[in-house]
$ cat structure-v9.txt   # compact mmCIF, C-alpha atoms
# COMPACT_ATOMS: atom_id res chain seq x y z
CA MET A 1 -31.21 10.74 -33.96
CA ALA A 2 -30.87 8.28 -31.15
CA ILE A 3 -28.91 9.34 -28.11
CA GLY A 4 -28.16 6.30 -26.00
CA PHE A 5 -26.82 6.66 -22.49
CA GLU A 6 -24.34 3.94 -23.28
CA ARG A 7 -23.03 5.76 -26.31
CA ALA A 8 -23.05 9.17 -24.67
CA LEU A 9 -21.19 8.11 -21.55
CA SER A 10 -19.32 4.99 -22.56
CA VAL A 11 -15.66 5.93 -22.89
CA HIS A 12 -15.55 8.14 -19.81
CA ALA A 13 -17.45 5.64 -17.69
CA GLN A 14 -15.04 2.90 -18.75
CA ALA A 15 -12.03 5.15 -18.15
CA LEU A 16 -13.33 5.81 -14.64
CA THR A 17 -13.60 2.07 -13.98
CA VAL A 18 -10.01 1.52 -15.03
CA ARG A 19 -8.80 4.61 -13.10
CA SER A 20 -10.46 3.47 -9.89
CA ARG A 21 -8.97 -0.01 -10.28
CA ARG A 22 -5.55 1.50 -10.85
CA ALA A 23 -5.99 3.72 -7.76
CA GLU A 24 -6.69 0.59 -5.75
CA ILE A 25 -3.58 -1.19 -7.05
CA LEU A 26 -1.34 1.83 -6.41
CA ALA A 27 -2.83 2.23 -2.92
CA ALA A 28 -1.94 -1.41 -2.25
CA ASN A 29 1.63 -0.74 -3.41
CA LEU A 30 1.93 2.23 -1.06
CA ALA A 31 0.38 0.26 1.78
CA ASN A 32 2.97 -2.48 1.30
CA ALA A 33 5.95 -0.13 1.02
CA ASP A 34 7.50 -1.80 4.08
CA THR A 35 6.42 -5.40 3.49
CA PRO A 36 9.33 -7.75 2.76
CA ASN A 37 9.19 -9.55 -0.62
CA TYR A 38 6.21 -7.51 -1.83
CA GLN A 39 6.24 -6.95 -5.60
CA ALA A 40 4.83 -3.64 -6.79
CA ARG A 41 2.20 -3.92 -9.53
CA ASP A 42 0.61 -1.54 -11.96
CA LEU A 43 -2.07 -1.58 -14.61
CA ASP A 44 -1.45 -0.90 -18.31
CA PHE A 45 -4.19 1.69 -18.70
CA LYS A 46 -4.30 1.62 -22.50
CA ALA A 47 -4.48 -2.17 -22.80
CA THR A 48 -7.05 -2.46 -19.99
CA LEU A 49 -9.31 0.19 -21.51
CA ALA A 50 -8.97 -1.46 -24.94
CA SER A 51 -9.97 -4.84 -23.54
CA LEU A 52 -12.95 -3.21 -21.76
CA GLN A 53 -14.06 -1.77 -25.09
CA GLY A 54 -13.77 -5.19 -26.69
CA ARG A 55 -10.64 -4.34 -28.64
CA GLY A 56 -7.43 -6.21 -28.05
CA GLY A 57 -7.92 -8.81 -25.38
CA PRO A 58 -6.08 -12.07 -24.88
CA LEU A 59 -5.05 -14.26 -27.79
CA ARG A 60 -7.87 -16.59 -28.64
CA ALA A 61 -7.35 -20.17 -29.76
CA THR A 62 -9.57 -20.61 -32.82
CA HIS A 63 -8.22 -23.98 -33.82
CA ALA A 64 -7.88 -27.21 -31.89
CA LEU A 65 -4.15 -27.36 -32.65
CA HIS A 66 -3.40 -23.84 -31.40
CA LEU A 67 -1.09 -23.71 -28.44
CA PRO A 68 -2.43 -21.89 -25.38
CA ALA A 69 -1.20 -18.29 -25.29
CA ARG A 70 1.31 -17.53 -22.60
CA GLY A 71 1.62 -14.21 -20.85
CA ALA A 72 -0.70 -12.09 -18.83
CA ALA A 73 -4.09 -10.99 -20.05
CA PRO A 74 -4.04 -7.29 -21.00
CA ASP A 75 -6.24 -6.29 -18.06
CA GLU A 76 -4.05 -8.12 -15.57
CA PRO A 77 -1.79 -5.92 -13.41
CA LEU A 78 1.87 -6.31 -14.32
CA TYR A 79 4.86 -6.30 -12.02
CA ARG A 80 7.04 -3.23 -11.89
CA THR A 81 10.74 -3.35 -12.64
CA PRO A 82 12.39 -1.44 -9.81
CA ALA A 83 15.26 0.95 -10.47
CA GLN A 84 16.77 -0.09 -7.19
CA MET A 85 15.69 -3.20 -5.39
CA ALA A 86 15.46 -3.14 -1.61
CA ILE A 87 17.50 -5.66 0.33
CA ASP A 88 14.34 -7.31 1.70
CA GLY A 89 12.99 -8.08 -1.79
CA ASN A 90 10.46 -5.24 -1.79
CA THR A 91 10.13 -3.50 -5.16
CA VAL A 92 7.93 -0.56 -4.12
CA GLU A 93 9.50 2.81 -4.88
CA GLU A 94 7.45 5.18 -2.82
CA GLU A 95 8.13 8.39 -4.76
CA GLN A 96 7.24 6.79 -8.06
CA GLU A 97 4.08 5.23 -6.62
CA LYS A 98 3.03 8.51 -5.03
CA ALA A 99 3.53 10.35 -8.32
CA ALA A 100 1.58 7.68 -10.18
CA PHE A 101 -1.19 7.80 -7.59
CA SER A 102 -1.64 11.59 -7.79
CA ASP A 103 -1.44 11.47 -11.58
CA ASN A 104 -4.11 8.78 -11.59
CA ALA A 105 -6.30 10.76 -9.17
CA LEU A 106 -6.03 13.86 -11.34
CA ARG A 107 -6.94 11.95 -14.48
CA TYR A 108 -9.83 10.31 -12.63
CA GLN A 109 -11.16 13.77 -11.79
CA ALA A 110 -10.70 14.89 -15.38
CA SER A 111 -12.72 11.91 -16.62
CA LEU A 112 -15.29 12.62 -13.95
CA GLN A 113 -15.57 16.24 -15.06
CA LEU A 114 -16.06 15.18 -18.69
CA LEU A 115 -18.64 12.61 -17.63
CA GLY A 116 -20.40 15.29 -15.58
CA ASN A 117 -20.51 17.55 -18.62
CA ARG A 118 -22.04 14.75 -20.66
CA VAL A 119 -24.68 14.21 -17.98
CA GLN A 120 -25.38 17.95 -17.97
CA GLY A 121 -25.76 17.86 -21.74
CA LEU A 122 -28.19 14.97 -21.59
CA LEU A 123 -30.14 16.70 -18.83
CA SER A 124 -30.56 19.88 -20.85
CA ALA A 125 -31.57 17.78 -23.87
CA ILE A 126 -34.21 16.06 -21.73
CA ARG A 127 -35.52 19.33 -20.30
CA GLY A 128 -35.53 20.96 -23.73
CA GLU A 129 -35.13 24.42 -22.19
CA MET B 130 -16.88 0.19 -6.43
CA SER B 131 -13.21 -0.57 -6.20
CA LEU B 132 -12.29 2.80 -4.70
CA LEU B 133 -13.96 1.71 -1.47
CA LYS B 134 -11.36 -1.04 -1.17
CA VAL B 135 -8.68 1.63 -0.85
CA PHE B 136 -10.06 2.39 2.61
CA ASP B 137 -9.49 -1.21 3.69
CA ILE B 138 -6.01 -1.34 2.15
CA SER B 139 -4.76 1.98 3.50
CA GLY B 140 -6.51 1.32 6.79
CA SER B 141 -4.60 -1.93 7.19
CA ALA B 142 -1.36 -0.07 6.44
CA LEU B 143 -2.19 2.57 9.07
CA ARG B 144 -2.79 -0.18 11.60
CA ALA B 145 0.48 -1.94 10.70
CA GLN B 146 2.50 1.27 10.90
CA THR B 147 0.90 2.07 14.26
CA VAL B 148 2.06 -1.31 15.58
CA ARG B 149 5.54 -0.48 14.29
CA LEU B 150 5.48 2.92 16.01
CA ASN B 151 4.27 1.27 19.22
CA THR B 152 7.08 -1.28 19.23
CA THR B 153 9.58 1.51 18.61
CA ALA B 154 8.14 3.47 21.53
CA SER B 155 8.28 0.39 23.71
CA ASN B 156 11.89 -0.32 22.69
CA MET B 157 13.00 3.25 23.31
CA ALA B 158 11.17 3.38 26.64
CA ASN B 159 12.86 0.21 27.84
CA ILE B 160 16.33 1.05 26.60
CA ASP B 161 17.67 1.23 30.18
CA SER B 162 15.56 -1.51 31.78
CA ILE B 163 18.31 -3.25 33.69
CA SER B 164 17.91 -6.84 34.72
CA SER B 165 20.04 -9.37 36.61
CA SER B 166 19.29 -12.45 34.51
CA THR B 167 19.49 -12.78 30.73
CA ALA B 168 16.08 -14.50 30.63
CA THR B 169 14.17 -11.57 32.10
CA THR B 170 15.94 -8.79 30.22
CA TYR B 171 13.86 -6.80 27.77
CA ARG B 172 14.71 -7.59 24.16
CA SER B 173 14.12 -5.32 21.20
CA ARG B 174 10.70 -6.08 19.64
CA GLN B 175 10.02 -5.84 15.93
CA PRO B 176 6.77 -6.39 14.03
CA VAL B 177 6.71 -8.74 11.02
CA PHE B 178 4.76 -7.41 8.04
CA ALA B 179 3.22 -9.55 5.30
CA ALA B 180 0.90 -8.86 2.39
CA GLN B 181 -2.72 -9.86 3.07
CA LEU B 182 -3.50 -12.21 0.23
CA ASP B 183 -6.78 -13.85 1.09
CA SER B 184 -7.24 -15.66 -2.18
CA ALA B 185 -5.17 -16.24 -5.28
CA GLU B 186 -7.40 -14.10 -7.49
CA ASP B 187 -7.01 -11.05 -5.27
CA GLU B 188 -4.90 -8.59 -7.19
CA VAL B 189 -4.50 -6.13 -4.37
CA ALA B 190 -3.46 -6.71 -0.81
CA GLY B 191 -3.37 -4.77 2.42
CA VAL B 192 -0.79 -5.32 5.13
CA ASP B 193 -0.99 -7.75 7.98
CA VAL B 194 1.16 -7.82 11.10
CA LEU B 195 1.99 -11.51 11.43
CA GLY B 196 3.38 -11.03 14.90
CA ILE B 197 6.05 -9.39 16.94
CA VAL B 198 9.45 -11.04 17.24
CA GLU B 199 12.10 -10.38 19.84
CA SER B 200 15.58 -9.63 18.59
CA GLN B 201 18.08 -12.40 19.24
CA ALA B 202 21.06 -10.05 19.19
CA PRO B 203 23.32 -10.41 22.24
CA LEU B 204 22.37 -8.34 25.27
CA ARG B 205 24.60 -5.56 26.48
CA ARG B 206 26.43 -6.43 29.69
CA GLU B 207 27.90 -3.81 31.95
CA TYR B 208 30.11 -4.16 35.00
CA ARG B 209 28.32 -2.38 37.84
CA PRO B 210 29.12 -4.20 41.05
CA ASP B 211 27.38 -1.63 43.20
CA HIS B 212 24.05 -1.97 41.35
CA PRO B 213 21.34 -3.74 43.41
CA LEU B 214 20.47 -5.97 40.41
CA ALA B 215 24.05 -6.98 39.65
CA ASP B 216 24.70 -10.72 39.37
CA PRO B 217 27.34 -12.45 41.56
CA GLN B 218 30.05 -11.50 39.05
CA GLY B 219 29.00 -7.85 39.31
CA TYR B 220 27.41 -7.57 35.86
CA VAL B 221 23.98 -6.24 34.89
CA ASN B 222 22.15 -7.00 31.62
CA LEU B 223 20.87 -4.21 29.43
CA PRO B 224 18.38 -4.60 26.53
CA ASN B 225 19.74 -5.13 23.01
CA VAL B 226 17.88 -2.06 21.73
CA ASN B 227 19.82 -0.07 19.15
CA PRO B 228 18.64 3.56 19.45
CA VAL B 229 19.91 4.56 15.99
CA GLU B 230 18.00 1.71 14.37
CA GLU B 231 14.89 2.58 16.36
CA MET B 232 14.97 6.24 15.36
CA ALA B 233 15.35 5.30 11.68
CA ASN B 234 12.45 2.87 12.09
CA MET B 235 10.34 5.54 13.72
CA ILE B 236 10.92 8.05 10.91
CA SER B 237 10.20 5.43 8.27
CA ALA B 238 6.99 4.36 10.04
CA SER B 239 5.75 7.92 10.44
CA ARG B 240 6.48 8.72 6.76
CA SER B 241 4.62 5.60 5.65
CA TYR B 242 1.74 6.53 7.92
CA GLN B 243 1.57 10.00 6.35
CA THR B 244 1.65 8.56 2.85
CA ASN B 245 -1.27 6.27 3.59
CA VAL B 246 -3.27 9.07 5.16
CA GLU B 247 -2.72 11.09 1.99
CA VAL B 248 -3.87 8.17 -0.13
CA LEU B 249 -6.99 7.88 2.01
CA ASN B 250 -7.72 11.59 1.70
CA THR B 251 -7.26 11.61 -2.06
CA SER B 252 -9.51 8.57 -2.45
CA LYS B 253 -12.13 10.19 -0.26
CA GLN B 254 -12.09 13.29 -2.46
CA MET B 255 -12.39 11.14 -5.58
CA LEU B 256 -15.38 9.33 -4.11
CA MET B 257 -17.04 12.55 -2.96
CA ARG B 258 -16.69 14.03 -6.44
CA THR B 259 -18.13 10.84 -7.91
CA LEU B 260 -21.13 11.07 -5.59
CA ALA B 261 -21.72 14.63 -6.74
CA LEU B 262 -21.65 13.58 -10.41
CA GLY B 263 -24.13 15.44 -12.59
CA ASP B 264 -24.92 18.16 -10.05
$ encode --input "structure-v9.txt" --output "structure tokens"
Amino acid sequence: MAIGFERALSVHAQALTVRSRRAEILAANLANADTPNYQARDLDFKATLASLQGRGGPLRATHALHLPARGAAPDEPLYRTPAQMAIDGNTVEEEQEKAAFSDNALRYQASLQLLGNRVQGLLSAIRGE
Amino acid sequence: MSLLKVFDISGSALRAQTVRLNTTASNMANIDSISSSTATTYRSRQPVFAAQLDSAEDEVAGVDVLGIVESQAPLRREYRPDHPLADPQGYVNLPNVNPVEEMANMISASRSYQTNVEVLNTSKQMLMRTLALGD
């Protein structure tokens, strides 16, 4: 039975990549909470993870006559629709962003814990104790 | 490691909010700086924030303070003929600082500062846990 590092760690490692990218985007939203005309963005976690795993992804043109696909790639951050727009054109809603940031941080730590357990498992398999 | 970028982003926000707090402090401190001519009177100063987009492919941006502008609102004029700085008509000029606006600005700036410090702390914890992975 072959145990590859890639196969043992893959989904959690990829989830961590997406989580850390999302943390960065949410941090940028919170940093720009007072910037006029700033548009809040967020990542679609499911679509981004799917495109990292090779599933989903943008529409491919497989024929010369295909029209180019419009719309954002799945791993591109999308713009948030604010419940209430600020008068200066800023669409950051601090409470929502804060909640999303802590939620993301918690899920990051959960993925990290699971990844740590996998590493522990591999280590004990290597030691054979 | 994209989490390291959070330090730059939140750091830029802390800097911008500090500038905002400083201008508020300066405005509040000078609220009674009387002057005889309109040209030399202190005017309310406000920072201008903008997102730091270095290149088009950057998906995240910190905050930049583009500069500090002086409010063009009319100055307050008071009739105080016995004041040493009064002009020939007996008027003195007072800054156009609005204390209510400044206090609201100060609270907003300090809340934003706190939020960004929290973001920094959380990111630091996430990174520390990542460094300790597999222990």
$ atom_distance --input "structure-v9.txt" --atom1 "CA of Ala23 in chain A" --atom2 "CA of Ile236 in chain B"
25.6 Å
$ interface_residues --input "structure-v9.txt" --of "chain A" --to "chain B" --cutoff "7 Å" --atoms "all atoms listed in the file" --output "PyMOL selection string"
chain A and resi 20-21+24-25+27-28+30-32+35-36+38+109+112+116+119-120
$ closest_residue --input "structure-v9.txt" --among "B:Arg172, B:Arg240, B:Lys253, B:Arg149" --to "Leu223 in chain B" --atoms "only C-alpha atoms"
B:Arg172
$ atom_distance --input "structure-v9.txt" --atom1 "CA of Arg127 in chain A" --atom2 "CA of Glu6 in chain A"
19.3 Å
$ atom_distance --input "structure-v9.txt" --atom1 "CA of Ser124 in chain A" --atom2 "CA of Tyr108 in chain A"
24.3 Å
$ residues_around --input "structure-v9.txt" --residues "range 197-205 of chain B" --least-positions-apart "2" --cutoff "7 Å" --atoms "all atoms listed in the file" --output "PyMOL selection string"
chain B and resi 172-177+207+222-225
$ residues_around --input "structure-v9.txt" --residues "Gln53 in chain A" --least-positions-apart "5" --cutoff "9 Å" --atoms "only C-alpha atoms" --output "list in words"
Ser10, Val11, Gln14 and Thr48 of chain A
$ residues_around --input "structure-v9.txt" --residues "Tyr208 in chain B" --least-positions-apart "4" --cutoff "10 Å" --atoms "only C-alpha atoms" --output "list in words"
His212, Ala215, Asp216, Gln218, Gly219, Tyr220, Val221 and Asn222 of chain B
$ closest_residue --input "structure-v9.txt" --among "A:Arg41, A:His63, A:Arg118, A:Lys46" --to "Val18 in chain A" --atoms "only C-alpha atoms"
A:Lys46
$ closest_residue --input "structure-v9.txt" --among "A:Leu52, A:Asn90, A:Leu43, A:Arg19" --to "Ser111 in chain A" --atoms "all atoms listed in the file"
A:Arg19
$ build_atoms --input "structure-v9.txt" --residues "range 149-172 of chain B" --atoms "N, CA and C atoms" --output "PDB file, in the frame of the given file"
ATOM      1  N   ARG B 149       4.094  -0.702  14.393  1.00  0.00           N
ATOM      2  CA  ARG B 149       5.540  -0.480  14.290  1.00  0.00           C
ATOM      3  C   ARG B 149       5.976   0.688  15.174  1.00  0.00           C
ATOM      4  N   LEU B 150       5.164   1.766  15.159  1.00  0.00           N
ATOM      5  CA  LEU B 150       5.480   2.920  16.010  1.00  0.00           C
ATOM      6  C   LEU B 150       5.409   2.536  17.484  1.00  0.00           C
ATOM      7  N   ASN B 151       4.419   1.701  17.820  1.00  0.00           N
ATOM      8  CA  ASN B 151       4.270   1.270  19.220  1.00  0.00           C
ATOM      9  C   ASN B 151       5.456   0.444  19.672  1.00  0.00           C
ATOM     10  N   THR B 152       5.930  -0.471  18.815  1.00  0.00           N
ATOM     11  CA  THR B 152       7.080  -1.280  19.230  1.00  0.00           C
ATOM     12  C   THR B 152       8.307  -0.396  19.378  1.00  0.00           C
ATOM     13  N   THR B 153       8.448   0.597  18.489  1.00  0.00           N
ATOM     14  CA  THR B 153       9.580   1.510  18.610  1.00  0.00           C
ATOM     15  C   THR B 153       9.514   2.266  19.935  1.00  0.00           C
ATOM     16  N   ALA B 154       8.309   2.741  20.271  1.00  0.00           N
ATOM     17  CA  ALA B 154       8.140   3.470  21.530  1.00  0.00           C
ATOM     18  C   ALA B 154       8.485   2.580  22.705  1.00  0.00           C
ATOM     19  N   SER B 155       8.013   1.334  22.634  1.00  0.00           N
ATOM     20  CA  SER B 155       8.280   0.390  23.710  1.00  0.00           C
ATOM     21  C   SER B 155       9.782   0.107  23.829  1.00  0.00           C
ATOM     22  N   ASN B 156      10.449  -0.056  22.683  1.00  0.00           N
ATOM     23  CA  ASN B 156      11.890  -0.320  22.690  1.00  0.00           C
ATOM     24  C   ASN B 156      12.660   0.856  23.274  1.00  0.00           C
ATOM     25  N   MET B 157      12.278   2.067  22.829  1.00  0.00           N
ATOM     26  CA  MET B 157      13.000   3.250  23.310  1.00  0.00           C
ATOM     27  C   MET B 157      12.738   3.465  24.795  1.00  0.00           C
ATOM     28  N   ALA B 158      11.504   3.172  25.235  1.00  0.00           N
ATOM     29  CA  ALA B 158      11.170   3.380  26.640  1.00  0.00           C
ATOM     30  C   ALA B 158      11.949   2.433  27.536  1.00  0.00           C
ATOM     31  N   ASN B 159      12.212   1.224  27.017  1.00  0.00           N
ATOM     32  CA  ASN B 159      12.860   0.210  27.840  1.00  0.00           C
ATOM     33  C   ASN B 159      14.361   0.124  27.614  1.00  0.00           C
ATOM     34  N   ILE B 160      14.925   1.153  27.005  1.00  0.00           N
ATOM     35  CA  ILE B 160      16.330   1.050  26.600  1.00  0.00           C
ATOM     36  C   ILE B 160      17.253   0.884  27.810  1.00  0.00           C
ATOM     37  N   ASP B 161      16.809   1.341  28.985  1.00  0.00           N
ATOM     38  CA  ASP B 161      17.670   1.230  30.180  1.00  0.00           C
ATOM     39  C   ASP B 161      17.065   0.318  31.231  1.00  0.00           C
ATOM     40  N   SER B 162      16.162  -0.594  30.808  1.00  0.00           N
ATOM     41  CA  SER B 162      15.560  -1.510  31.780  1.00  0.00           C
ATOM     42  C   SER B 162      16.572  -2.584  32.153  1.00  0.00           C
ATOM     43  N   ILE B 163      17.232  -2.355  33.256  1.00  0.00           N
ATOM     44  CA  ILE B 163      18.310  -3.250  33.690  1.00  0.00           C
ATOM     45  C   ILE B 163      17.720  -4.498  34.336  1.00  0.00           C
ATOM     46  N   SER B 164      18.374  -5.604  34.111  1.00  0.00           N
ATOM     47  CA  SER B 164      17.910  -6.840  34.720  1.00  0.00           C
ATOM     48  C   SER B 164      19.118  -7.672  35.137  1.00  0.00           C
ATOM     49  N   SER B 165      18.903  -8.578  36.130  1.00  0.00           N
ATOM     50  CA  SER B 165      20.040  -9.370  36.610  1.00  0.00           C
ATOM     51  C   SER B 165      20.220 -10.641  35.815  1.00  0.00           C
ATOM     52  N   SER B 166      19.125 -11.207  35.263  1.00  0.00           N
ATOM     53  CA  SER B 166      19.290 -12.450  34.510  1.00  0.00           C
ATOM     54  C   SER B 166      19.018 -12.188  33.027  1.00  0.00           C
ATOM     55  N   THR B 167      19.665 -12.986  32.164  1.00  0.00           N
ATOM     56  CA  THR B 167      19.490 -12.780  30.730  1.00  0.00           C
ATOM     57  C   THR B 167      18.065 -13.130  30.302  1.00  0.00           C
ATOM     58  N   ALA B 168      17.412 -14.057  31.043  1.00  0.00           N
ATOM     59  CA  ALA B 168      16.080 -14.500  30.630  1.00  0.00           C
ATOM     60  C   ALA B 168      15.037 -13.399  30.808  1.00  0.00           C
ATOM     61  N   THR B 169      15.207 -12.562  31.828  1.00  0.00           N
ATOM     62  CA  THR B 169      14.170 -11.570  32.100  1.00  0.00           C
ATOM     63  C   THR B 169      14.492 -10.208  31.495  1.00  0.00           C
ATOM     64  N   THR B 170      15.588 -10.084  30.798  1.00  0.00           N
ATOM     65  CA  THR B 170      15.940  -8.790  30.220  1.00  0.00           C
ATOM     66  C   THR B 170      15.048  -8.488  29.028  1.00  0.00           C
ATOM     67  N   TYR B 171      14.665  -7.233  28.916  1.00  0.00           N
ATOM     68  CA  TYR B 171      13.860  -6.800  27.770  1.00  0.00           C
ATOM     69  C   TYR B 171      14.683  -6.949  26.507  1.00  0.00           C
ATOM     70  N   ARG B 172      14.034  -7.485  25.457  1.00  0.00           N
ATOM     71  CA  ARG B 172      14.710  -7.590  24.160  1.00  0.00           C
ATOM     72  C   ARG B 172      13.961  -6.742  23.144  1.00  0.00           C
TER      73      ARG B 172
END
